[in-house]
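Enquirer: Right, I'll just put the structure down here and ask away after.
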Amino acid sequence: MDAPRYSVADMKIHPLITDSASLAALCERLSTHGFVAVDTEFMRENTYWPELCLIQIASEDEAAAIDPMADGIDLKPLWDLLVDNEDVLKVFHAGGQDLEIVHNMTGKVPHPLFDTQIAAMALGYGEQIGYSNLIESMLGHALDKGARFTDWSRRPLDKRQIDYAIGDVTHLATIFPKMVGKLRKTGRGLWLDEEMERLADPSSFAFDAEDAWKRLKLPSRNPAVLGRLKVLAAWREREARNKNLPRGRIVKDDTLADLAGHPPKTQDDLGKVRGLSAGWRNNEIGARLMNALEGAAPLGPDELPDRGPSRPGLTKDGALVADLLKLLLKIKAKETGVASKLIARSDELEALAAGVRKDLAILSGWRFEEFGRDALDLVEGRLAFATVGGKLKMTRSLENAE
């Protein structure tokens with residue numbers, strides 16, 4: 001027998017919105033609410049820029065799907081609600097890609113915002129819990145995933161697709177107040193303010209083509225090779241954006257690395273490069289690639305990447321201390337019911353083990369109270385591990401106690 005379908009009491013579900021007047025009226029009503037739940041459906045397999053295909057939005061008493069591909073529809077009232085209305089909280093789940101789309105459309109990021117995946121990490125639901133698992137945990141029923149991998153760009157959309165899409169935001173609007181209630185009971189609501197502000201930082205989405213090389217697996221640390229990789233990656237980024245094609249459709253990563261490591265002397269040599277067709281010998285894109293290479297210069301000392309993830313001064317003993325800190329983090333995460341990823345990153349633990357004491361998130365705010373104080377005590381000899389009755393315990397050192 002199928003699980004009973006969940007319905008939100010008294011929530012009005014609108015037909016698919018395809019005209020500007022209906023959208024403007026909806027946004028005006030939503031602007032009077034304390035929060036709206038938001039989700040998007042998009043396609044990006046064949047494009048550089050994600051193609052926005054559907055927007056779903058809900059308050060506690062109404063929900064609708066909006067067709068951004070409808071002829072003549074004016075989305076300005078929606079963008080105004082999402083990025084300019086500071087009185088309405090925008091609720092997403094794992095909203096990084098949704099925020100990227102809004103930023104692409106408006107140059108801004110929704111604010112203020114709340115991400116239920118991050119909140120779930122503070123409430124003991126584990127690391128990066130998926131939406132369907134969170135709904136099942138909080139509401140006790142499974143979601144219909146039948147339309148999950150549909151082609152959202154095809155028109156017309158059928159009823160099952162629209163129902164599936166709207167269901168995401170009606171459930172989101174239902175669990176959000178429950179999560180807020182739990183956060184208030186645990187006193188962890190203020191913990192998330194910093195995380196939400198970081199998520200809403202527009203600089204996270206303003207990606208400079210000149211920095212594209214930093215996202216690649218580096219073939220070497222040779223300054224000349226990396227200089228060529230930098231200009232080639234920037235060239236590919238601009239080509240992909242201008243043509244609205246995935247980066248790999250222009251040149252694959254491994255081919256880009258080969259070109260940086262073994263640069264062609266002439267455009268004719270491009271026809272011999274693995275991953276490029278013979279046409280690159282004399283076509284316009286091949287000429288643009290060669291022009292980019294001509295402008296390459298070795299990276300300066302300040303631009304060279306770090307040799308590895310370890311922090312300066314992290315000796316072999318320091319690496320062992322970092323391992324102890326990771327064990328402590330696992331223990332504290334279990335005790336508090338907070339996902340370890342939300343409390344601390346590995347690079348912070350390594351920095352602490354290496355003697356760094358400034359500009360570490362774990363040494364301030366709630367992270368210090370929940371973990372950082374004990375972590376500092378462990379590093380500085382005031383805390384130790386011991387086994388008592390076959391169980392791992394933390395003990396305070398009387399000799400070094402303050």
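Chain identifiers are assigned as A, B, and so on, following the order in which chains appear in the structure tokens; residues are numbered from 1 within each chain, and ligands are numbered from 1 in order of appearance.
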I need the residues of region 183-212 of chain A that end up classed as helix (DSSP H, G or I) by DSSP on the backbone, written out as a PDB file with all heavy atoms, in the first residue's frame.

Expert:
ATOM      1  N   LEU A 183      14.986  24.824  16.908  1.00  0.00           N
ATOM      2  CA  LEU A 183      16.169  25.659  17.105  1.00  0.00           C
ATOM      3  C   LEU A 183      16.010  26.548  18.339  1.00  0.00           C
ATOM      4  O   LEU A 183      16.962  26.761  19.095  1.00  0.00           O
ATOM      5  CB  LEU A 183      16.423  26.513  15.866  1.00  0.00           C
ATOM      6  CG  LEU A 183      16.957  25.776  14.636  1.00  0.00           C
ATOM      7  CD1 LEU A 183      16.885  26.662  13.405  1.00  0.00           C
ATOM      8  CD2 LEU A 183      18.399  25.315  14.862  1.00  0.00           C
ATOM      9  N   ARG A 184      14.807  27.049  18.558  1.00  0.00           N
ATOM     10  CA  ARG A 184      14.563  27.870  19.742  1.00  0.00           C
ATOM     11  C   ARG A 184      14.690  27.055  21.016  1.00  0.00           C
ATOM     12  O   ARG A 184      15.253  27.519  22.013  1.00  0.00           O
ATOM     13  CB  ARG A 184      13.177  28.511  19.647  1.00  0.00           C
ATOM     14  CG  ARG A 184      13.110  29.671  18.651  1.00  0.00           C
ATOM     15  CD  ARG A 184      11.690  30.157  18.471  1.00  0.00           C
ATOM     16  NE  ARG A 184      11.647  31.315  17.579  1.00  0.00           N
ATOM     17  CZ  ARG A 184      10.564  31.741  16.962  1.00  0.00           C
ATOM     18  NH1 ARG A 184       9.404  31.101  17.142  1.00  0.00           N
ATOM     19  NH2 ARG A 184      10.622  32.797  16.177  1.00  0.00           N
ATOM     20  N   LYS A 185      14.172  25.844  20.984  1.00  0.00           N
ATOM     21  CA  LYS A 185      14.250  24.985  22.176  1.00  0.00           C
ATOM     22  C   LYS A 185      15.696  24.640  22.518  1.00  0.00           C
ATOM     23  O   LYS A 185      16.067  24.548  23.694  1.00  0.00           O
ATOM     24  CB  LYS A 185      13.452  23.701  21.950  1.00  0.00           C
ATOM     25  CG  LYS A 185      11.944  23.894  22.018  1.00  0.00           C
ATOM     26  CD  LYS A 185      11.222  22.569  21.817  1.00  0.00           C
ATOM     27  CE  LYS A 185       9.713  22.765  21.880  1.00  0.00           C
ATOM     28  NZ  LYS A 185       8.990  21.477  21.658  1.00  0.00           N
ATOM     29  N   THR A 186      16.506  24.425  21.503  1.00  0.00           N
ATOM     30  CA  THR A 186      17.904  24.049  21.731  1.00  0.00           C
ATOM     31  C   THR A 186      18.813  25.260  21.893  1.00  0.00           C
ATOM     32  O   THR A 186      19.982  25.117  22.240  1.00  0.00           O
ATOM     33  CB  THR A 186      18.427  23.187  20.569  1.00  0.00           C
ATOM     34  OG1 THR A 186      18.302  23.925  19.346  1.00  0.00           O
ATOM     35  CG2 THR A 186      17.644  21.882  20.452  1.00  0.00           C
ATOM     36  N   TRP A 191      23.265  30.382  16.220  1.00  0.00           N
ATOM     37  CA  TRP A 191      24.421  29.745  15.597  1.00  0.00           C
ATOM     38  C   TRP A 191      24.385  29.908  14.083  1.00  0.00           C
ATOM     39  O   TRP A 191      25.432  30.000  13.436  1.00  0.00           O
ATOM     40  CB  TRP A 191      24.427  28.249  15.889  1.00  0.00           C
ATOM     41  CG  TRP A 191      24.641  27.863  17.305  1.00  0.00           C
ATOM     42  CD1 TRP A 191      24.659  28.676  18.405  1.00  0.00           C
ATOM     43  CD2 TRP A 191      24.864  26.542  17.792  1.00  0.00           C
ATOM     44  NE1 TRP A 191      24.865  27.949  19.527  1.00  0.00           N
ATOM     45  CE2 TRP A 191      25.000  26.632  19.189  1.00  0.00           C
ATOM     46  CE3 TRP A 191      24.952  25.299  17.185  1.00  0.00           C
ATOM     47  CZ2 TRP A 191      25.225  25.521  19.990  1.00  0.00           C
ATOM     48  CZ3 TRP A 191      25.172  24.193  17.968  1.00  0.00           C
ATOM     49  CH2 TRP A 191      25.312  24.293  19.366  1.00  0.00           C
ATOM     50  N   LEU A 192      23.168  29.884  13.531  1.00  0.00           N
ATOM     51  CA  LEU A 192      23.032  29.799  12.083  1.00  0.00           C
ATOM     52  C   LEU A 192      23.117  31.152  11.391  1.00  0.00           C
ATOM     53  O   LEU A 192      23.245  31.200  10.164  1.00  0.00           O
ATOM     54  CB  LEU A 192      21.694  29.138  11.738  1.00  0.00           C
ATOM     55  CG  LEU A 192      21.527  27.706  12.256  1.00  0.00           C
ATOM     56  CD1 LEU A 192      20.155  27.182  11.896  1.00  0.00           C
ATOM     57  CD2 LEU A 192      22.600  26.794  11.700  1.00  0.00           C
ATOM     58  N   ASP A 193      23.036  32.230  12.149  1.00  0.00           N
ATOM     59  CA  ASP A 193      23.060  33.548  11.517  1.00  0.00           C
ATOM     60  C   ASP A 193      24.296  33.734  10.647  1.00  0.00           C
ATOM     61  O   ASP A 193      24.213  34.201   9.506  1.00  0.00           O
ATOM     62  CB  ASP A 193      23.001  34.651  12.580  1.00  0.00           C
ATOM     63  CG  ASP A 193      21.633  34.743  13.236  1.00  0.00           C
ATOM     64  OD1 ASP A 193      20.694  34.105  12.710  1.00  0.00           O
ATOM     65  OD2 ASP A 193      21.507  35.429  14.260  1.00  0.00           O
ATOM     66  N   GLU A 194      25.450  33.372  11.200  1.00  0.00           N
ATOM     67  CA  GLU A 194      26.699  33.532  10.455  1.00  0.00           C
ATOM     68  C   GLU A 194      26.707  32.676   9.196  1.00  0.00           C
ATOM     69  O   GLU A 194      27.161  33.118   8.135  1.00  0.00           O
ATOM     70  CB  GLU A 194      27.883  33.157  11.356  1.00  0.00           C
ATOM     71  CG  GLU A 194      29.235  33.289  10.685  1.00  0.00           C
ATOM     72  CD  GLU A 194      30.382  32.847  11.594  1.00  0.00           C
ATOM     73  OE1 GLU A 194      30.183  32.813  12.825  1.00  0.00           O
ATOM     74  OE2 GLU A 194      31.448  32.533  11.065  1.00  0.00           O
ATOM     75  N   GLU A 195      26.188  31.452   9.309  1.00  0.00           N
ATOM     76  CA  GLU A 195      26.171  30.558   8.151  1.00  0.00           C
ATOM     77  C   GLU A 195      25.256  31.096   7.056  1.00  0.00           C
ATOM     78  O   GLU A 195      25.585  31.032   5.864  1.00  0.00           O
ATOM     79  CB  GLU A 195      25.690  29.160   8.576  1.00  0.00           C
ATOM     80  CG  GLU A 195      26.574  28.487   9.602  1.00  0.00           C
ATOM     81  CD  GLU A 195      28.002  28.332   9.116  1.00  0.00           C
ATOM     82  OE1 GLU A 195      28.193  27.865   7.975  1.00  0.00           O
ATOM     83  OE2 GLU A 195      28.920  28.693   9.870  1.00  0.00           O
ATOM     84  N   MET A 196      24.104  31.629   7.452  1.00  0.00           N
ATOM     85  CA  MET A 196      23.166  32.143   6.463  1.00  0.00           C
ATOM     86  C   MET A 196      23.703  33.408   5.790  1.00  0.00           C
ATOM     87  O   MET A 196      23.510  33.615   4.585  1.00  0.00           O
ATOM     88  CB  MET A 196      21.813  32.425   7.107  1.00  0.00           C
ATOM     89  CG  MET A 196      21.165  31.208   7.754  1.00  0.00           C
ATOM     90  SD  MET A 196      21.014  29.761   6.654  1.00  0.00           S
ATOM     91  CE  MET A 196      20.445  28.508   7.822  1.00  0.00           C
ATOM     92  N   GLU A 197      24.381  34.259   6.542  1.00  0.00           N
ATOM     93  CA  GLU A 197      24.966  35.458   5.948  1.00  0.00           C
ATOM     94  C   GLU A 197      26.064  35.089   4.959  1.00  0.00           C
ATOM     95  O   GLU A 197      26.207  35.715   3.908  1.00  0.00           O
ATOM     96  CB  GLU A 197      25.520  36.372   7.045  1.00  0.00           C
ATOM     97  CG  GLU A 197      24.444  37.071   7.864  1.00  0.00           C
ATOM     98  CD  GLU A 197      23.516  37.920   7.009  1.00  0.00           C
ATOM     99  OE1 GLU A 197      24.009  38.679   6.143  1.00  0.00           O
ATOM    100  OE2 GLU A 197      22.292  37.802   7.178  1.00  0.00           O
ATOM    101  N   ARG A 198      26.850  34.075   5.293  1.00  0.00           N
ATOM    102  CA  ARG A 198      27.887  33.620   4.367  1.00  0.00           C
ATOM    103  C   ARG A 198      27.255  33.088   3.085  1.00  0.00           C
ATOM    104  O   ARG A 198      27.733  33.351   1.976  1.00  0.00           O
ATOM    105  CB  ARG A 198      28.720  32.518   5.040  1.00  0.00           C
ATOM    106  CG  ARG A 198      29.832  31.964   4.160  1.00  0.00           C
ATOM    107  CD  ARG A 198      30.444  30.722   4.778  1.00  0.00           C
ATOM    108  NE  ARG A 198      29.463  29.684   5.017  1.00  0.00           N
ATOM    109  CZ  ARG A 198      28.980  28.880   4.077  1.00  0.00           C
ATOM    110  NH1 ARG A 198      29.367  29.014   2.818  1.00  0.00           N
ATOM    111  NH2 ARG A 198      28.082  27.963   4.379  1.00  0.00           N
ATOM    112  N   LEU A 199      26.162  32.349   3.224  1.00  0.00           N
ATOM    113  CA  LEU A 199      25.476  31.789   2.059  1.00  0.00           C
ATOM    114  C   LEU A 199      24.918  32.886   1.168  1.00  0.00           C
ATOM    115  O   LEU A 199      24.861  32.737  -0.059  1.00  0.00           O
ATOM    116  CB  LEU A 199      24.340  30.874   2.542  1.00  0.00           C
ATOM    117  CG  LEU A 199      23.682  29.954   1.515  1.00  0.00           C
ATOM    118  CD1 LEU A 199      24.697  28.959   0.967  1.00  0.00           C
ATOM    119  CD2 LEU A 199      22.510  29.217   2.156  1.00  0.00           C
ATOM    120  N   PRO A 202      27.034  37.776  -2.063  1.00  0.00           N
ATOM    121  CA  PRO A 202      27.054  37.766  -3.537  1.00  0.00           C
ATOM    122  C   PRO A 202      28.419  37.423  -4.127  1.00  0.00           C
ATOM    123  O   PRO A 202      28.496  36.912  -5.242  1.00  0.00           O
ATOM    124  CB  PRO A 202      26.649  39.205  -3.903  1.00  0.00           C
ATOM    125  CG  PRO A 202      25.931  39.728  -2.704  1.00  0.00           C
ATOM    126  CD  PRO A 202      26.600  39.077  -1.523  1.00  0.00           C
ATOM    127  N   SER A 203      29.494  37.690  -3.378  1.00  0.00           N
ATOM    128  CA  SER A 203      30.829  37.408  -3.917  1.00  0.00           C
ATOM    129  C   SER A 203      31.043  35.919  -4.173  1.00  0.00           C
ATOM    130  O   SER A 203      31.914  35.540  -4.952  1.00  0.00           O
ATOM    131  CB  SER A 203      31.904  37.941  -2.962  1.00  0.00           C
ATOM    132  OG  SER A 203      31.901  37.241  -1.737  1.00  0.00           O
ATOM    133  N   SER A 204      30.249  35.074  -3.518  1.00  0.00           N
ATOM    134  CA  SER A 204      30.368  33.633  -3.738  1.00  0.00           C
ATOM    135  C   SER A 204      29.945  33.236  -5.142  1.00  0.00           C
ATOM    136  O   SER A 204      30.321  32.171  -5.634  1.00  0.00           O
ATOM    137  CB  SER A 204      29.508  32.867  -2.717  1.00  0.00           C
ATOM    138  OG  SER A 204      29.878  33.185  -1.403  1.00  0.00           O
ATOM    139  N   ALA A 209      36.647  35.035 -14.461  1.00  0.00           N
ATOM    140  CA  ALA A 209      37.259  34.085 -15.393  1.00  0.00           C
ATOM    141  C   ALA A 209      38.752  33.920 -15.124  1.00  0.00           C
ATOM    142  O   ALA A 209      39.320  32.832 -15.351  1.00  0.00           O
ATOM    143  CB  ALA A 209      37.032  34.536 -16.834  1.00  0.00           C
ATOM    144  N   GLU A 210      39.413  34.973 -14.635  1.00  0.00           N
ATOM    145  CA  GLU A 210      40.849  34.898 -14.382  1.00  0.00           C
ATOM    146  C   GLU A 210      41.195  33.939 -13.242  1.00  0.00           C
ATOM    147  O   GLU A 210      42.351  33.561 -13.077  1.00  0.00           O
ATOM    148  CB  GLU A 210      41.402  36.293 -14.054  1.00  0.00           C
ATOM    149  CG  GLU A 210      41.220  37.308 -15.163  1.00  0.00           C
ATOM    150  CD  GLU A 210      41.868  36.863 -16.477  1.00  0.00           C
ATOM    151  OE1 GLU A 210      42.993  36.325 -16.427  1.00  0.00           O
ATOM    152  OE2 GLU A 210      41.249  37.055 -17.538  1.00  0.00           O
ATOM    153  N   ASP A 211      40.186  33.564 -12.449  1.00  0.00           N
ATOM    154  CA  ASP A 211      40.420  32.633 -11.345  1.00  0.00           C
ATOM    155  C   ASP A 211      40.017  31.202 -11.686  1.00  0.00           C
ATOM    156  O   ASP A 211      40.059  30.318 -10.819  1.00  0.00           O
ATOM    157  CB  ASP A 211      39.639  33.085 -10.106  1.00  0.00           C
ATOM    158  CG  ASP A 211      40.170  34.387  -9.524  1.00  0.00           C
ATOM    159  OD1 ASP A 211      41.389  34.607  -9.626  1.00  0.00           O
ATOM    160  OD2 ASP A 211      39.373  35.169  -8.978  1.00  0.00           O
ATOM    161  N   ALA A 212      39.612  30.966 -12.933  1.00  0.00           N
ATOM    162  CA  ALA A 212      39.104  29.646 -13.312  1.00  0.00           C
ATOM    163  C   ALA A 212      40.143  28.546 -13.103  1.00  0.00           C
ATOM    164  O   ALA A 212      39.807  27.403 -12.788  1.00  0.00           O
ATOM    165  CB  ALA A 212      38.637  29.669 -14.768  1.00  0.00           C
TER     166      ALA A 212
END

Enquirer: Excluding Arg396 (chain A) and any residue of its chain fewer than 5 positions from it, enumerate the residues within 7 Å of it, using only C-alpha atoms, and give them as a PyMOL selection string.

Expert: chain A and resi 382-384

Enquirer: From the options A:Asp87, A:Ala287, A:Val38, A:Leu392, which residue's atoms come nearest to Lys330 (chain A), counting only C-alpha atoms?

Expert: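 Selected residue with least distance to Lys330 (chain A): A:Leu392.
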
Enquirer: Neighbouring residues of Ser340 (chain A) were defined as those with any atom within 9 Å, considering only C-alpha atoms; residues of the same chain fewer than 2 positions away were excluded. Please report them as a list in words.

Expert: Met121, Gly126, Glu127, Leu329, Lys330, Lys332, Ala333, Lys334, Gly337, Val338, Leu342, Ile343, Ala344 and Arg345 of chain A

Enquirer: Deliver the residues from the most recent selection as a file, using N, CA and C atoms, as an mmCIF file, in the first residue's frame.

Expert:
data_model
loop_
_atom_site.group_PDB
_atom_site.id
_atom_site.type_symbol
_atom_site.label_atom_id
_atom_site.label_comp_id
_atom_site.auth_asym_id
_atom_site.auth_seq_id
_atom_site.Cartn_x
_atom_site.Cartn_y
_atom_site.Cartn_z
ATOM 1 N N MET A 121 21.730 20.331 10.029
ATOM 2 C CA MET A 121 23.029 19.943 10.576
ATOM 3 C C MET A 121 23.154 20.360 12.038
ATOM 4 N N GLY A 126 22.424 14.984 10.707
ATOM 5 C CA GLY A 126 23.570 14.474 9.967
ATOM 6 C C GLY A 126 24.147 15.466 8.987
ATOM 7 N N GLU A 127 25.154 14.993 8.258
ATOM 8 C CA GLU A 127 25.871 15.835 7.304
ATOM 9 C C GLU A 127 25.093 15.936 5.993
ATOM 10 N N LEU A 329 36.557 16.155 17.826
ATOM 11 C CA LEU A 329 35.431 16.715 17.086
ATOM 12 C C LEU A 329 34.331 15.677 16.905
ATOM 13 N N LYS A 330 34.724 14.452 16.612
ATOM 14 C CA LYS A 330 33.737 13.386 16.430
ATOM 15 C C LYS A 330 32.973 13.139 17.727
ATOM 16 N N LYS A 332 32.541 15.324 20.272
ATOM 17 C CA LYS A 332 31.703 16.476 20.597
ATOM 18 C C LYS A 332 30.479 16.540 19.685
ATOM 19 N N ALA A 333 30.648 16.190 18.419
ATOM 20 C CA ALA A 333 29.519 16.190 17.502
ATOM 21 C C ALA A 333 28.469 15.180 17.939
ATOM 22 N N LYS A 334 28.932 14.032 18.413
ATOM 23 C CA LYS A 334 28.004 13.006 18.880
ATOM 24 C C LYS A 334 27.301 13.467 20.148
ATOM 25 N N GLY A 337 24.902 16.419 19.125
ATOM 26 C CA GLY A 337 23.949 16.168 18.054
ATOM 27 C C GLY A 337 24.064 17.154 16.917
ATOM 28 N N VAL A 338 25.229 17.780 16.787
ATOM 29 C CA VAL A 338 25.464 18.743 15.715
ATOM 30 C C VAL A 338 26.444 18.126 14.721
ATOM 31 N N LEU A 342 29.556 21.238 10.447
ATOM 32 C CA LEU A 342 29.089 22.569 10.798
ATOM 33 C C LEU A 342 29.958 23.186 11.888
ATOM 34 N N ILE A 343 30.557 22.339 12.721
ATOM 35 C CA ILE A 343 31.362 22.843 13.841
ATOM 36 C C ILE A 343 32.741 23.292 13.381
ATOM 37 N N ALA A 344 33.436 22.454 12.615
ATOM 38 C CA ALA A 344 34.827 22.770 12.258
ATOM 39 C C ALA A 344 35.225 22.078 10.970
ATOM 40 N N ARG A 345 36.162 22.705 10.256
ATOM 41 C CA ARG A 345 36.746 22.117 9.055
ATOM 42 C C ARG A 345 38.103 21.505 9.392
#

Enquirer: Do you know which residues are at most 12 Å from Lys108 (chain A) counting only C-alpha atoms, after dropping those on the same chain fewer than 3 positions away, and could you put them as a PyMOL selection string?

Expert: chain A and resi 79-85+99-105+111-112+200-206

Enquirer: Restricting the calculation to only C-alpha atoms: of A:Ala361, A:Ala21, A:Ile331, A:Ala37, which residue gets closest to Lys76 (chain A)?

Expert: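 So, comparing all the options, the nearest one is A:Ala21.
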
Enquirer: Skip Arg44 (chain A) itself and residues of its chain fewer than 3 positions away, then list as a compact mmCIF listing (two decimals) with N, CA and C atoms, in the first residue's frame all residues within 12 Å of it, counting only C-alpha atoms.

Expert:
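The resulting file, out03.txt, is reproduced below:
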# COMPACT_ATOMS: atom_id res chain seq x y z
N GLU A 41 13.39 24.63 -10.70
CA GLU A 41 13.74 23.51 -11.57
C GLU A 41 14.48 24.10 -12.76
N THR A 47 24.31 23.53 -21.35
CA THR A 47 24.57 24.96 -21.37
C THR A 47 25.57 25.34 -20.27
N TYR A 48 26.19 26.49 -20.45
CA TYR A 48 27.04 27.03 -19.38
C TYR A 48 26.17 27.61 -18.28
N TRP A 49 25.22 28.47 -18.70
CA TRP A 49 24.32 29.08 -17.74
C TRP A 49 23.14 28.14 -17.50
N PRO A 50 22.77 27.90 -16.24
CA PRO A 50 21.60 27.06 -15.99
C PRO A 50 20.35 27.68 -16.60
N GLU A 51 19.55 26.88 -17.26
CA GLU A 51 18.33 27.36 -17.90
C GLU A 51 17.18 27.22 -16.92
N LEU A 52 16.67 28.36 -16.46
CA LEU A 52 15.59 28.37 -15.48
C LEU A 52 14.30 27.93 -16.17
N CYS A 53 13.68 26.87 -15.65
CA CYS A 53 12.50 26.29 -16.29
C CYS A 53 11.23 26.44 -15.45
N GLN A 97 22.46 26.18 -5.72
CA GLN A 97 22.21 26.33 -7.16
C GLN A 97 21.02 27.26 -7.41
N ILE A 101 21.19 30.82 -9.61
CA ILE A 101 20.29 31.20 -10.69
C ILE A 101 19.74 32.60 -10.45
N ASP A 151 12.50 16.35 -17.98
CA ASP A 151 13.03 17.46 -18.77
C ASP A 151 12.13 18.66 -18.52
N TRP A 152 12.57 19.54 -17.64
CA TRP A 152 11.74 20.66 -17.23
C TRP A 152 11.63 21.74 -18.31
N SER A 153 12.45 21.65 -19.35
CA SER A 153 12.40 22.67 -20.40
C SER A 153 11.33 22.38 -21.44
N ASN A 244 27.52 29.91 -24.41
CA ASN A 244 26.57 29.25 -23.50
C ASN A 244 26.65 27.73 -23.63
N LEU A 245 27.89 27.22 -23.54
CA LEU A 245 28.15 25.79 -23.60
C LEU A 245 28.91 25.35 -22.36
N PRO A 246 28.75 24.11 -21.92
CA PRO A 246 29.55 23.62 -20.79
C PRO A 246 31.04 23.72 -21.11
N ARG A 247 31.84 23.95 -20.10
CA ARG A 247 33.29 24.10 -20.31
C ARG A 247 33.88 22.92 -21.08

Enquirer: Please identify which residues in region 65-243 of chain A DSSP calls strand (DSSP E or B) from the backbone, and express them as an NGL selection string.

Expert: :A and (65-66 or 89-92 or 113-115)

Enquirer: If we count only C-alpha atoms, what is near Pro156 (chain A) at a cut-off of 12 Å, once residues fewer than 3 positions away on the same chain are taken out, given as an MDAnalysis selection string?

Expert: chainID A and resid 16 18 53:54 67 69:70 151:153 159:162

Enquirer: Separation of CA of Arg357 (chain A) and CA of Pro305 (chain A), in Å?

Expert: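 Taking CA of Arg357 (chain A) and CA of Pro305 (chain A), their separation equals 22.7 Å.
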
Enquirer: Excluding Asp317 (chain A) and its own-chain neighbours fewer than 6 positions away, which residues fall within 10 Å of it when counting only C-alpha atoms? Please give them as a list in words.

Expert: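 Close residues of Asp317 (chain A): Asp323, Ala353 and Ala354 of chain A.
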